[in-house]
$ cat run-v8.txt   # compact mmCIF, C-alpha atoms (C1' of nucleotides)
# COMPACT_ATOMS: atom_id res chain seq x y z
CA MET A 1215 -28.24 -85.18 -168.81
CA SER A 1216 -31.56 -84.32 -167.42
CA LEU A 1217 -34.32 -84.55 -169.98
CA GLU A 1218 -35.18 -87.72 -168.09
CA HIS A 1219 -35.43 -85.76 -164.88
CA ALA A 1220 -37.52 -83.01 -166.40
CA ILE A 1221 -39.91 -85.70 -167.64
CA LEU A 1222 -40.00 -87.34 -164.21
CA VAL A 1223 -40.95 -84.02 -162.60
CA SER A 1224 -43.65 -83.47 -165.19
CA LEU A 1225 -45.07 -86.99 -164.78
CA LEU A 1226 -45.03 -86.72 -160.98
CA GLU A 1227 -46.95 -83.46 -161.24
CA ARG A 1228 -49.44 -85.25 -163.50
CA PRO A 1229 -49.23 -88.46 -165.59
CA ALA A 1230 -49.29 -87.90 -169.34
CA SER A 1231 -48.83 -89.50 -172.77
CA GLY A 1232 -45.77 -88.77 -174.87
CA TYR A 1233 -47.83 -86.44 -176.98
CA GLU A 1234 -49.11 -84.52 -173.96
CA LEU A 1235 -45.55 -84.28 -172.63
CA ALA A 1236 -44.43 -82.85 -175.95
CA ARG A 1237 -47.09 -80.16 -175.66
CA ARG A 1238 -46.03 -79.37 -172.08
CA PHE A 1239 -42.50 -78.98 -173.37
CA ASP A 1240 -43.88 -76.37 -175.75
CA ARG A 1241 -45.41 -74.50 -172.83
CA SER A 1242 -45.03 -74.77 -169.09
CA ILE A 1243 -41.96 -76.99 -168.73
CA GLY A 1244 -40.72 -75.57 -172.02
CA ARG A 1245 -40.09 -72.28 -170.26
CA PHE A 1246 -36.94 -73.79 -168.82
CA TRP A 1247 -36.36 -77.03 -170.72
CA THR A 1248 -37.06 -77.64 -174.37
CA ALA A 1249 -37.51 -80.99 -176.09
CA THR A 1250 -39.07 -82.27 -179.30
CA HIS A 1251 -41.49 -85.15 -179.50
CA GLN A 1252 -38.85 -87.40 -181.09
CA GLN A 1253 -36.50 -86.83 -178.18
CA ILE A 1254 -39.31 -87.47 -175.71
CA TYR A 1255 -40.46 -90.74 -177.26
CA ARG A 1256 -36.90 -92.01 -177.41
CA VAL A 1257 -36.22 -91.14 -173.79
CA LEU A 1258 -39.56 -92.56 -172.62
CA LYS A 1259 -38.58 -95.91 -174.13
CA ARG A 1260 -35.28 -95.86 -172.28
CA MET A 1261 -36.96 -94.84 -169.04
CA GLU A 1262 -39.44 -97.68 -169.37
CA ALA A 1263 -36.56 -100.13 -169.87
CA ASP A 1264 -35.03 -98.77 -166.65
CA ALA A 1265 -38.40 -99.15 -164.88
CA TRP A 1266 -38.52 -95.44 -164.06
CA ILE A 1267 -41.99 -95.18 -165.60
CA THR A 1268 -44.94 -97.45 -166.47
CA ALA A 1269 -47.58 -97.06 -169.13
CA GLU A 1270 -51.32 -97.55 -169.07
CA GLU A 1271 -52.98 -97.94 -172.48
CA VAL A 1272 -56.01 -95.69 -172.76
CA GLY A 1273 -58.54 -95.94 -175.59
CA GLN A 1274 -60.25 -92.74 -176.66
CA ASP A 1275 -63.41 -91.93 -178.60
CA GLY A 1276 -62.59 -90.99 -182.17
CA LEU A 1277 -58.90 -90.58 -181.36
CA PRO A 1278 -55.96 -92.95 -181.46
CA ASP A 1279 -55.14 -94.87 -178.29
CA LYS A 1280 -52.51 -93.35 -176.09
CA LYS A 1281 -50.08 -94.60 -173.49
CA VAL A 1282 -50.38 -92.67 -170.24
CA TRP A 1283 -47.06 -92.73 -168.39
CA SER A 1284 -46.53 -92.50 -164.63
CA ALA A 1285 -43.35 -92.39 -162.59
CA THR A 1286 -42.62 -95.53 -160.55
CA PRO A 1287 -41.06 -95.47 -157.05
CA THR A 1288 -37.80 -96.39 -158.79
CA GLY A 1289 -38.15 -93.34 -161.02
CA ARG A 1290 -38.94 -91.11 -158.09
CA ALA A 1291 -35.85 -92.43 -156.28
CA ALA A 1292 -33.74 -91.68 -159.35
CA LEU A 1293 -35.14 -88.15 -159.40
CA VAL A 1294 -34.31 -87.60 -155.73
CA THR A 1295 -30.75 -88.81 -156.28
CA TRP A 1296 -30.36 -86.33 -159.11
CA LEU A 1297 -31.98 -83.50 -157.14
CA ARG A 1298 -29.33 -83.85 -154.45
CA ALA A 1299 -26.41 -83.76 -156.89
CA PRO A 1300 -24.69 -80.43 -157.57
CA VAL A 1301 -26.22 -78.12 -160.19
CA GLN A 1302 -24.15 -78.11 -163.37
CA PRO A 1303 -23.12 -74.73 -164.80
CA GLU A 1304 -25.44 -73.67 -167.60
CA ALA A 1305 -24.39 -73.78 -171.24
CA VAL A 1306 -25.32 -70.35 -172.56
CA ARG A 1307 -26.11 -69.97 -176.26
CA HIS A 1308 -27.38 -66.52 -176.99
CA GLU A 1309 -27.42 -66.11 -180.75
CA LEU A 1310 -28.73 -62.54 -180.67
CA ALA A 1311 -25.72 -61.40 -178.63
CA VAL A 1312 -23.40 -62.87 -181.29
CA LYS A 1313 -25.31 -61.01 -183.99
CA ILE A 1314 -25.16 -57.74 -182.08
CA ARG A 1315 -21.39 -57.93 -181.72
CA GLY A 1316 -21.20 -59.07 -185.33
CA ALA A 1317 -23.11 -55.98 -186.46
CA ALA A 1318 -19.82 -54.05 -186.15
CA PHE A 1319 -18.73 -55.93 -189.30
CA ASP A 1320 -21.81 -55.20 -191.38
CA ASP A 1321 -22.83 -51.90 -192.95
CA ALA A 1322 -25.68 -49.51 -192.10
CA ASP A 1323 -28.13 -51.52 -194.24
CA GLY A 1324 -27.29 -54.67 -192.33
CA ARG A 1325 -27.69 -52.90 -189.02
CA ALA A 1326 -31.06 -51.54 -190.15
CA ALA A 1327 -32.12 -55.12 -190.89
CA LEU A 1328 -30.91 -56.12 -187.44
CA VAL A 1329 -32.96 -53.36 -185.84
CA ALA A 1330 -36.05 -54.73 -187.56
CA GLU A 1331 -35.18 -58.22 -186.42
CA VAL A 1332 -34.64 -57.11 -182.82
CA GLU A 1333 -38.02 -55.38 -182.91
CA ARG A 1334 -39.66 -58.61 -184.04
CA TYR A 1335 -37.79 -60.52 -181.37
CA ARG A 1336 -38.88 -57.97 -178.78
CA ALA A 1337 -42.51 -58.40 -179.81
CA ASP A 1338 -42.16 -62.18 -179.30
CA HIS A 1339 -40.83 -61.66 -175.80
CA GLU A 1340 -43.54 -59.17 -175.02
CA ALA A 1341 -46.12 -61.79 -176.03
CA THR A 1342 -44.35 -64.39 -173.90
CA LEU A 1343 -44.44 -62.09 -170.89
CA ALA A 1344 -48.13 -61.36 -171.45
CA GLY A 1345 -48.75 -65.12 -171.59
CA TYR A 1346 -46.88 -65.67 -168.33
CA LEU A 1347 -48.82 -62.93 -166.57
CA THR A 1348 -52.13 -64.33 -167.80
CA GLY A 1349 -51.09 -67.79 -166.66
CA GLU A 1350 -50.06 -66.42 -163.27
CA ARG A 1351 -53.45 -64.80 -162.71
CA ARG A 1352 -55.19 -67.98 -163.82
CA ASP A 1353 -53.09 -70.55 -161.94
CA PHE A 1354 -52.06 -68.62 -158.86
CA PRO A 1355 -54.94 -66.32 -157.95
CA ASP A 1356 -54.15 -66.67 -154.23
CA PRO A 1357 -50.34 -67.04 -153.87
CA ASP A 1358 -50.54 -67.24 -150.07
CA ALA A 1359 -52.65 -70.39 -150.14
CA LEU A 1360 -50.42 -72.77 -152.11
CA ASP A 1361 -49.09 -76.21 -151.24
CA ALA A 1362 -45.40 -77.03 -151.77
CA GLN A 1363 -45.89 -78.04 -155.39
CA GLY A 1364 -47.81 -74.86 -156.19
CA ALA A 1365 -45.40 -72.58 -154.36
CA LEU A 1366 -42.47 -74.08 -156.27
CA GLN A 1367 -44.24 -73.84 -159.62
CA HIS A 1368 -45.05 -70.24 -158.83
CA VAL A 1369 -41.49 -69.25 -157.95
CA VAL A 1370 -40.24 -70.79 -161.20
CA LEU A 1371 -42.90 -68.85 -163.11
CA ARG A 1372 -41.81 -65.67 -161.32
CA GLY A 1373 -38.33 -66.43 -162.62
CA GLY A 1374 -39.67 -66.57 -166.16
CA ILE A 1375 -41.47 -63.28 -165.66
CA ALA A 1376 -38.35 -61.61 -164.25
CA TYR A 1377 -36.33 -62.97 -167.16
CA GLU A 1378 -38.73 -61.63 -169.78
CA ARG A 1379 -38.86 -58.21 -168.14
CA MET A 1380 -35.07 -58.07 -168.05
CA VAL A 1381 -34.88 -59.10 -171.71
CA LEU A 1382 -37.36 -56.42 -172.77
CA ALA A 1383 -35.45 -53.70 -170.94
CA TRP A 1384 -32.18 -54.90 -172.45
CA LEU A 1385 -33.64 -55.04 -175.96
CA ASP A 1386 -34.68 -51.39 -175.59
CA ASP A 1387 -31.08 -50.65 -174.66
CA VAL A 1388 -29.90 -52.63 -177.71
CA LEU A 1389 -32.27 -50.79 -180.05
CA ALA A 1390 -31.13 -47.40 -178.75
CA THR A 1391 -27.50 -48.43 -179.17
CA LEU A 1392 -28.00 -49.72 -182.72
CA ARG A 1393 -29.96 -46.64 -183.77
CA ASN A 1394 -27.29 -44.43 -182.33
CA LEU A 1395 -24.65 -45.95 -184.63
CA ASP A 1396 -26.41 -44.85 -187.83
CA PRO A 1397 -28.39 -41.74 -186.92
CA PRO A 1398 -31.02 -40.79 -189.51
CA ASN A 1399 -29.99 -37.92 -191.80
CA ARG A 1400 -31.30 -34.57 -190.75
CA LYS A 1401 -32.45 -32.17 -193.40
CA ALA A 1402 -29.71 -29.75 -194.35
CA THR A 1403 -30.49 -26.26 -193.19
CA PRO A 1404 -31.85 -24.28 -196.19
CA MET B 527 -25.55 -73.72 -186.05
CA SER B 528 -23.48 -70.75 -185.27
CA LEU B 529 -20.32 -71.65 -183.42
CA GLU B 530 -18.72 -70.81 -186.76
CA HIS B 531 -20.26 -67.37 -186.66
CA ALA B 532 -19.28 -66.71 -183.07
CA ILE B 533 -15.71 -67.61 -184.04
CA LEU B 534 -15.85 -65.31 -187.07
CA VAL B 535 -16.96 -62.40 -184.89
CA SER B 536 -14.20 -63.12 -182.42
CA LEU B 537 -11.54 -63.37 -185.15
CA LEU B 538 -12.74 -60.18 -186.81
CA GLU B 539 -12.49 -58.39 -183.49
CA ARG B 540 -8.94 -59.75 -183.18
CA PRO B 541 -7.12 -62.68 -184.85
CA ALA B 542 -6.27 -65.55 -182.51
CA SER B 543 -4.99 -69.12 -182.25
CA GLY B 544 -7.33 -71.98 -181.41
CA TYR B 545 -6.02 -71.96 -177.90
CA GLU B 546 -6.63 -68.24 -177.46
CA LEU B 547 -10.13 -68.67 -178.87
CA ALA B 548 -10.80 -71.40 -176.35
CA ARG B 549 -9.82 -69.01 -173.57
CA ARG B 550 -12.06 -66.30 -174.98
CA PHE B 551 -14.88 -68.81 -174.95
CA ASP B 552 -14.21 -69.24 -171.24
CA ARG B 553 -14.55 -65.49 -170.73
CA SER B 554 -15.80 -62.70 -172.92
CA ILE B 555 -17.51 -64.57 -175.76
CA GLY B 556 -18.32 -67.32 -173.28
CA ARG B 557 -20.81 -65.03 -171.62
CA PHE B 558 -23.22 -65.78 -174.43
CA TRP B 559 -21.75 -68.72 -176.32
CA THR B 560 -19.86 -71.63 -174.81
CA ALA B 561 -17.50 -74.01 -176.59
CA THR B 562 -14.71 -76.38 -175.62
CA HIS B 563 -11.31 -76.44 -177.28
CA GLN B 564 -12.08 -79.71 -179.06
CA GLN B 565 -15.16 -78.19 -180.64
CA ILE B 566 -13.20 -75.13 -181.64
CA TYR B 567 -10.33 -77.02 -183.28
CA ARG B 568 -12.76 -79.19 -185.21
CA VAL B 569 -14.74 -76.21 -186.47
CA LEU B 570 -11.58 -74.25 -187.33
CA LYS B 571 -10.51 -77.11 -189.58
CA ARG B 572 -13.85 -77.04 -191.37
CA MET B 573 -13.79 -73.27 -191.69
CA GLU B 574 -10.32 -73.44 -193.21
CA ALA B 575 -11.57 -75.99 -195.75
CA ASP B 576 -14.37 -73.56 -196.62
CA ALA B 577 -11.83 -70.72 -196.94
CA TRP B 578 -13.58 -68.69 -194.25
CA ILE B 579 -10.32 -68.30 -192.34
CA THR B 580 -6.57 -68.49 -192.99
CA ALA B 581 -3.73 -69.35 -190.65
CA GLU B 582 -0.36 -67.78 -190.09
CA GLU B 583 2.18 -69.95 -188.26
CA VAL B 584 3.85 -68.01 -185.47
CA GLY B 585 6.90 -69.27 -183.59
CA GLN B 586 7.24 -68.25 -179.96
CA ASP B 587 10.12 -68.11 -177.49
CA GLY B 588 9.99 -71.03 -175.12
CA LEU B 589 6.45 -71.91 -176.17
CA PRO B 590 5.02 -74.19 -178.86
CA ASP B 591 4.31 -72.66 -182.26
CA LYS B 592 0.76 -71.52 -182.80
CA LYS B 593 -1.49 -70.93 -185.79
CA VAL B 594 -3.00 -67.47 -185.73
CA TRP B 595 -6.30 -67.46 -187.58
CA SER B 596 -7.90 -64.52 -189.39
CA ALA B 597 -11.23 -64.24 -191.18
CA THR B 598 -11.02 -63.99 -194.97
CA PRO B 599 -13.34 -61.80 -197.09
CA THR B 600 -15.24 -65.03 -197.86
CA GLY B 601 -15.66 -65.62 -194.12
CA ARG B 602 -16.79 -62.09 -193.54
CA ALA B 603 -19.35 -62.42 -196.34
CA ALA B 604 -20.62 -65.64 -194.77
CA LEU B 605 -20.98 -63.82 -191.45
CA VAL B 606 -22.94 -60.98 -193.03
CA THR B 607 -25.30 -63.44 -194.72
CA TRP B 608 -25.94 -65.08 -191.38
CA LEU B 609 -26.34 -61.74 -189.58
CA ARG B 610 -29.19 -60.83 -191.91
CA ALA B 611 -31.05 -64.12 -191.43
CA PRO B 612 -33.81 -64.27 -188.80
CA VAL B 613 -32.79 -64.96 -185.21
CA GLN B 614 -33.69 -68.49 -184.20
CA PRO B 615 -35.68 -69.00 -180.99
CA GLU B 616 -33.40 -69.90 -178.12
CA ALA B 617 -33.24 -73.41 -176.70
CA VAL B 618 -33.62 -72.90 -172.96
CA ARG B 619 -32.10 -75.49 -170.60
CA HIS B 620 -32.37 -74.33 -167.03
CA GLU B 621 -31.49 -77.24 -164.82
CA LEU B 622 -32.00 -75.37 -161.56
CA ALA B 623 -35.62 -74.62 -162.45
CA VAL B 624 -36.23 -78.35 -162.99
CA LYS B 625 -34.70 -79.08 -159.60
CA ILE B 626 -36.80 -76.45 -157.89
CA ARG B 627 -40.02 -77.88 -159.24
CA GLY B 628 -38.70 -81.36 -158.47
CA ALA B 629 -38.16 -80.37 -154.83
CA ALA B 630 -41.89 -80.89 -154.32
CA PHE B 631 -41.15 -84.62 -154.62
CA ASP B 632 -38.30 -84.73 -152.14
CA ASP B 633 -38.46 -84.42 -148.34
CA ALA B 634 -37.33 -81.64 -146.02
CA ASP B 635 -33.78 -83.01 -145.93
CA GLY B 636 -33.59 -82.90 -149.71
CA ARG B 637 -34.94 -79.37 -149.76
CA ALA B 638 -32.37 -78.33 -147.16
CA ALA B 639 -29.66 -79.71 -149.46
CA LEU B 640 -31.16 -77.75 -152.34
CA VAL B 641 -31.09 -74.55 -150.27
CA ALA B 642 -27.37 -75.08 -149.70
CA GLU B 643 -26.87 -75.73 -153.40
CA VAL B 644 -28.80 -72.61 -154.38
CA GLU B 645 -26.66 -70.59 -151.99
CA ARG B 646 -23.51 -71.92 -153.65
CA TYR B 647 -24.98 -71.19 -157.07
CA ARG B 648 -25.89 -67.69 -155.93
CA ALA B 649 -22.31 -67.07 -154.80
CA ASP B 650 -21.08 -68.10 -158.27
CA HIS B 651 -23.40 -65.62 -159.94
CA GLU B 652 -22.40 -62.91 -157.50
CA ALA B 653 -18.77 -63.50 -158.47
CA THR B 654 -19.70 -63.43 -162.16
CA LEU B 655 -21.47 -60.11 -161.71
CA ALA B 656 -18.49 -58.67 -159.83
CA GLY B 657 -16.24 -59.80 -162.70
CA TYR B 658 -18.50 -58.14 -165.27
CA LEU B 659 -18.55 -54.88 -163.34
CA THR B 660 -14.77 -54.91 -162.99
CA GLY B 661 -14.44 -55.61 -166.70
CA GLU B 662 -16.84 -52.80 -167.50
CA ARG B 663 -14.83 -50.27 -165.51
CA ARG B 664 -11.61 -51.51 -167.13
CA ASP B 665 -12.78 -51.78 -170.75
CA PHE B 666 -15.37 -49.03 -170.96
CA PRO B 667 -14.18 -46.18 -168.74
CA ASP B 668 -15.71 -43.60 -171.09
CA PRO B 669 -18.90 -45.12 -172.60
CA ASP B 670 -19.69 -41.96 -174.59
CA ALA B 671 -16.46 -42.17 -176.60
CA LEU B 672 -16.76 -45.61 -178.19
CA ASP B 673 -16.61 -46.67 -181.82
CA ALA B 674 -19.24 -49.04 -183.25
CA GLN B 675 -17.40 -52.17 -182.16
CA GLY B 676 -16.93 -50.88 -178.62
CA ALA B 677 -20.51 -49.65 -178.29
CA LEU B 678 -21.83 -53.05 -179.37
CA GLN B 679 -19.49 -54.95 -177.05
CA HIS B 680 -20.62 -52.69 -174.24
CA VAL B 681 -24.34 -53.21 -174.82
CA VAL B 682 -23.82 -56.98 -174.82
CA LEU B 683 -21.89 -56.71 -171.56
CA ARG B 684 -24.72 -54.62 -170.10
CA GLY B 685 -27.01 -57.50 -171.04
CA GLY B 686 -24.82 -59.87 -169.06
CA ILE B 687 -24.89 -57.53 -166.09
CA ALA B 688 -28.68 -57.17 -166.26
CA TYR B 689 -29.01 -60.95 -166.50
CA GLU B 690 -26.84 -61.58 -163.45
CA ARG B 691 -28.70 -58.98 -161.39
CA MET B 692 -32.01 -60.55 -162.36
CA VAL B 693 -30.72 -64.02 -161.46
CA LEU B 694 -29.51 -62.86 -158.05
CA ALA B 695 -32.86 -61.26 -157.23
CA TRP B 696 -34.69 -64.38 -158.36
CA LEU B 697 -32.43 -66.68 -156.35
CA ASP B 698 -33.28 -64.66 -153.23
CA ASP B 699 -36.93 -65.23 -154.07
CA VAL B 700 -36.23 -68.96 -154.51
CA LEU B 701 -34.39 -69.20 -151.20
CA ALA B 702 -37.21 -67.46 -149.36
CA THR B 703 -39.74 -69.78 -150.99
CA LEU B 704 -37.78 -72.93 -150.18
CA ARG B 705 -37.19 -71.87 -146.57
CA ASN B 706 -40.85 -71.09 -146.16
CA LEU B 707 -41.79 -74.69 -147.03
CA ASP B 708 -39.92 -76.17 -144.07
CA PRO B 709 -39.86 -73.47 -141.42
CA PRO B 710 -37.36 -74.11 -138.63
CA ASN B 711 -38.90 -75.44 -135.42
CA ARG B 712 -39.56 -72.80 -132.80
CA LYS B 713 -38.93 -73.59 -129.19
CA ALA B 714 -42.06 -74.77 -127.47
CA THR B 715 -43.29 -72.27 -124.91
CA PRO B 716 -42.20 -73.42 -121.44
C1' DG C 200 14.82 -85.29 -159.85
C1' DG C 201 9.97 -85.71 -160.09
C1' DT C 202 5.51 -83.46 -160.05
C1' DT C 203 2.47 -80.10 -161.29
C1' DG C 204 0.80 -76.66 -164.40
C1' DC C 205 0.65 -73.87 -168.56
C1' DT C 206 0.75 -73.31 -173.68
C1' DA C 207 -0.66 -75.62 -177.89
C1' DT C 208 -3.00 -79.02 -180.92
C1' DG C 209 -5.41 -82.98 -181.96
C1' DC C 210 -7.98 -88.00 -182.35
C1' DA C 211 -11.66 -91.26 -181.14
C1' DA C 212 -15.82 -92.67 -179.17
C1' DC C 213 -19.97 -91.73 -177.41
C1' DG C 214 -24.20 -89.41 -176.17
C1' DA C 215 -27.53 -85.67 -177.10
C1' DG C 216 -30.19 -83.03 -180.23
C1' DT C 217 -32.15 -82.04 -184.97
C1' DT C 218 -34.45 -82.94 -189.29
C1' DG C 219 -36.97 -85.46 -192.45
C1' DC C 220 -40.05 -88.80 -193.10
C1' DA C 221 -43.90 -92.37 -192.24
C1' DT C 222 -48.27 -94.12 -190.54
C1' DA C 223 -53.20 -93.63 -189.35
C1' DG C 224 -57.90 -92.18 -188.08
C1' DC C 225 -60.97 -88.48 -187.66
C1' DA C 226 -62.87 -83.54 -188.18
C1' DG C 227 -63.76 -79.51 -190.67
C1' DG C 228 -63.70 -76.45 -194.50
C1' DA C 229 -63.24 -75.16 -199.64
C1' DT D 896 -63.93 -84.71 -202.85
C1' DC D 897 -59.73 -83.18 -201.61
C1' DC D 898 -56.87 -80.72 -198.58
C1' DT D 899 -55.56 -79.21 -194.26
C1' DG D 900 -54.93 -79.91 -189.43
C1' DC D 901 -55.06 -82.38 -185.04
C1' DT D 902 -54.10 -86.46 -182.10
C1' DA D 903 -50.72 -90.08 -181.49
C1' DT D 904 -46.40 -92.74 -182.11
C1' DG D 905 -42.24 -93.90 -184.14
C1' DC D 906 -37.67 -94.85 -187.36
C1' DA D 907 -33.37 -93.37 -189.61
C1' DA D 908 -29.76 -90.41 -190.63
C1' DC D 909 -27.19 -86.79 -189.49
C1' DT D 910 -24.95 -83.10 -186.88
C1' DC D 911 -23.51 -81.17 -182.60
C1' DG D 912 -21.51 -81.46 -178.07
C1' DT D 913 -18.96 -83.99 -174.39
C1' DT D 914 -15.41 -86.82 -172.39
C1' DG D 915 -11.27 -89.16 -172.21
C1' DC D 916 -6.99 -89.51 -173.87
C1' DA D 917 -2.43 -88.30 -176.19
C1' DT D 918 1.63 -85.56 -177.36
C1' DA D 919 5.24 -82.13 -176.34
C1' DG D 920 8.20 -78.45 -174.54
C1' DC D 921 9.08 -75.36 -170.92
C1' DA D 922 8.77 -73.24 -166.08
C1' DA D 923 8.22 -73.38 -161.23
C1' DC D 924 8.23 -75.73 -157.00
C1' DC D 925 9.26 -79.25 -153.45

$ encode --input "run-v8.txt" --output "structure tokens"
Amino acid sequence: MSLEHAILVSLLERPASGYELARRFDRSIGRFWTATHQQIYRVLKRMEADAWITAEEVGQDGLPDKKVWSATPTGRAALVTWLRAPVQPEAVRHELAVKIRGAAFDDADGRAALVAEVERYRADHEATLAGYLTGERRDFPDPDALDAQGALQHVVLRGGIAYERMVLAWLDDVLATLRNLDPPNRKATP
Amino acid sequence: MSLEHAILVSLLERPASGYELARRFDRSIGRFWTATHQQIYRVLKRMEADAWITAEEVGQDGLPDKKVWSATPTGRAALVTWLRAPVQPEAVRHELAVKIRGAAFDDADGRAALVAEVERYRADHEATLAGYLTGERRDFPDPDALDAQGALQHVVLRGGIAYERMVLAWLDDVLATLRNLDPPNRKATP
DNA sequence: GGTTGCTATGCAACGAGTTGCATAGCAGGA
DNA sequence: TCCTGCTATGCAACTCGTTGCATAGCAACC
């Protein structure tokens, strides 16, 4: 598994507390790897036991202390070993696709509800895309003047943008297909 | 969770044994929901206990007997209930994206290995796309003359095709970015 | 005759991921 | 004053997913 490795990448990019990591996994890293704070704290403990990371206790004004974690040379070596191993095939779990095929076994009311749900889902993805584009303008104003780390972050973000655009186009296709199954009644000619 | 629901959709489309389901989850359904045969057999047992499905024992010439499962009205009702519930946000796990960002912490040799790995990965996706397109020509020769079930299967397949095309384009972007980090040495002018 | 490979089903153990809950200090608003 | 919400960390229980193994008959090949 590679939650460990995703955390190592994130800590090498910038040291962080478990809480900060959890927030990153809701945003930047979370675009391609999700994790909850419980998972993160558990894995951090294991990584510390393996000496992949070390903590520095930091007191804060008016806030609880936090442990700021950094990757050790051992951790970095473990990351490099993993980087050079073959990429595992992805486990796809696309619930919406199951529901779309399932819609053949519901009635027109159910399909109308699905249309509404797909519209909501589409709005979420539109907001995600807008967020990516804003982040791109903010973080990569001059794409030709990036170091290795920046260039790699940028190409991953471009992947997210391409994904969201593809999803939006497909959802339009889905909506047209669903609407076509139960066309609205036309007024009878008088 | 919805492995149960993916199985219900598959059984409503056509009854099948556990083994046949496992093969479907390596192919058509597997495009958007993966499952191993052990998972499937375990879930089938639970679904039978809940009366969502029933089995018919079928003897075969020269092959072991199999249990052919069908969805019951109870199972179909359970599917419809689930269909009308909100779509859960997807849990994204994109290992390659982690490795790409991690490549900033490896050396040129490591990045060269990653380029080779991305090329292999790209070839896999190219083969997947070719398989989808072949399947589309075979299963949907006349897209305008489909019933509801066929139209919905087709739009999901179009989603798979759009996804693979997007991935291929992005992988080309990734390869260009990686190669640009460690440009090959040019011959010194004599 | 032995090996490999396919159909067909299943158990057991383990590891990963989810959900609910708990603590605790401080800030801000009703 | 109480309630909500944010930072910050963690335990416990449960479910889901993965891996290894086992059985068993038949077919094809060397």

$ closest_residue --input "run-v8.txt" --among "A:Thr1391, A:Gln1253, A:Thr1288, A:Thr1295" --to "chain D" --atoms "only C-alpha atoms (C1' of nucleotides)"
A:Gln1253

$ interface_residues --input "run-v8.txt" --of "chain A" --to "chain D" --cutoff "12 Å" --atoms "only C-alpha atoms (C1' of nucleotides)" --output "PDB file with C-alpha atoms, in the frame of the given file"
ATOM      1  CA  MET A1215     -28.240 -85.180-168.810  1.00  0.00           C
ATOM      2  CA  SER A1231     -48.830 -89.500-172.770  1.00  0.00           C
ATOM      3  CA  GLY A1232     -45.770 -88.770-174.870  1.00  0.00           C
ATOM      4  CA  TYR A1233     -47.830 -86.440-176.980  1.00  0.00           C
ATOM      5  CA  GLU A1234     -49.110 -84.520-173.960  1.00  0.00           C
ATOM      6  CA  LEU A1235     -45.550 -84.280-172.630  1.00  0.00           C
ATOM      7  CA  ALA A1236     -44.430 -82.850-175.950  1.00  0.00           C
ATOM      8  CA  ARG A1237     -47.090 -80.160-175.660  1.00  0.00           C
ATOM      9  CA  HIS A1251     -41.490 -85.150-179.500  1.00  0.00           C
ATOM     10  CA  GLN A1252     -38.850 -87.400-181.090  1.00  0.00           C
ATOM     11  CA  GLN A1253     -36.500 -86.830-178.180  1.00  0.00           C
ATOM     12  CA  ILE A1254     -39.310 -87.470-175.710  1.00  0.00           C
ATOM     13  CA  TYR A1255     -40.460 -90.740-177.260  1.00  0.00           C
ATOM     14  CA  ARG A1256     -36.900 -92.010-177.410  1.00  0.00           C
ATOM     15  CA  LEU A1258     -39.560 -92.560-172.620  1.00  0.00           C
ATOM     16  CA  LYS A1259     -38.580 -95.910-174.130  1.00  0.00           C
ATOM     17  CA  VAL A1272     -56.010 -95.690-172.760  1.00  0.00           C
ATOM     18  CA  GLY A1273     -58.540 -95.940-175.590  1.00  0.00           C
ATOM     19  CA  GLN A1274     -60.250 -92.740-176.660  1.00  0.00           C
ATOM     20  CA  ASP A1275     -63.410 -91.930-178.600  1.00  0.00           C
ATOM     21  CA  GLY A1276     -62.590 -90.990-182.170  1.00  0.00           C
ATOM     22  CA  LEU A1277     -58.900 -90.580-181.360  1.00  0.00           C
ATOM     23  CA  PRO A1278     -55.960 -92.950-181.460  1.00  0.00           C
ATOM     24  CA  ASP A1279     -55.140 -94.870-178.290  1.00  0.00           C
ATOM     25  CA  LYS A1280     -52.510 -93.350-176.090  1.00  0.00           C
ATOM     26  CA  LYS A1281     -50.080 -94.600-173.490  1.00  0.00           C
ATOM     27  CA  VAL A1282     -50.380 -92.670-170.240  1.00  0.00           C
ATOM     28  CA  ALA A1305     -24.390 -73.780-171.240  1.00  0.00           C
TER      29      ALA A1305
END

$ residues_around --input "run-v8.txt" --residues "region 1372-1376 of chain A" --least-positions-apart "5" --cutoff "8 Å" --atoms "all atoms listed in the file" --output "mmCIF file with C-alpha atoms, in the frame of the given file"
data_model
loop_
_atom_site.group_PDB
_atom_site.id
_atom_site.type_symbol
_atom_site.label_atom_id
_atom_site.label_comp_id
_atom_site.auth_asym_id
_atom_site.auth_seq_id
_atom_site.Cartn_x
_atom_site.Cartn_y
_atom_site.Cartn_z
ATOM 1 C CA ARG A 1245 -40.090 -72.280 -170.260
ATOM 2 C CA LEU A 1343 -44.440 -62.090 -170.890
ATOM 3 C CA TYR A 1346 -46.880 -65.670 -168.330
ATOM 4 C CA LEU A 1347 -48.820 -62.930 -166.570
ATOM 5 C CA MET B 692 -32.010 -60.550 -162.360
ATOM 6 C CA TRP B 696 -34.690 -64.380 -158.360
#

$ atom_distance --input "run-v8.txt" --atom1 "CA of Ile1243 (chain A)" --atom2 "CA of Glu1262 (chain A)"
20.9 Å

$ interface_residues --input "run-v8.txt" --of "chain C" --to "chain A" --cutoff "10 Å" --atoms "only C-alpha atoms (C1' of nucleotides)" --output "ChimeraX atom specification"
/C:214-217,223-226

$ atom_distance --input "run-v8.txt" --atom1 "C1' of DT206 (chain C)" --atom2 "CA of Thr654 (chain B)"
25.5 Å

$ axis_aligned_box --input "run-v8.txt" --around "region 210-226 of chain C" --padding-each-side "8 Å" --output "JSON"
{"center_x": -35.4, "center_y": -88.1, "center_z": -184.6, "size_x": 70.9, "size_y": 28.1, "size_z": 32.9}
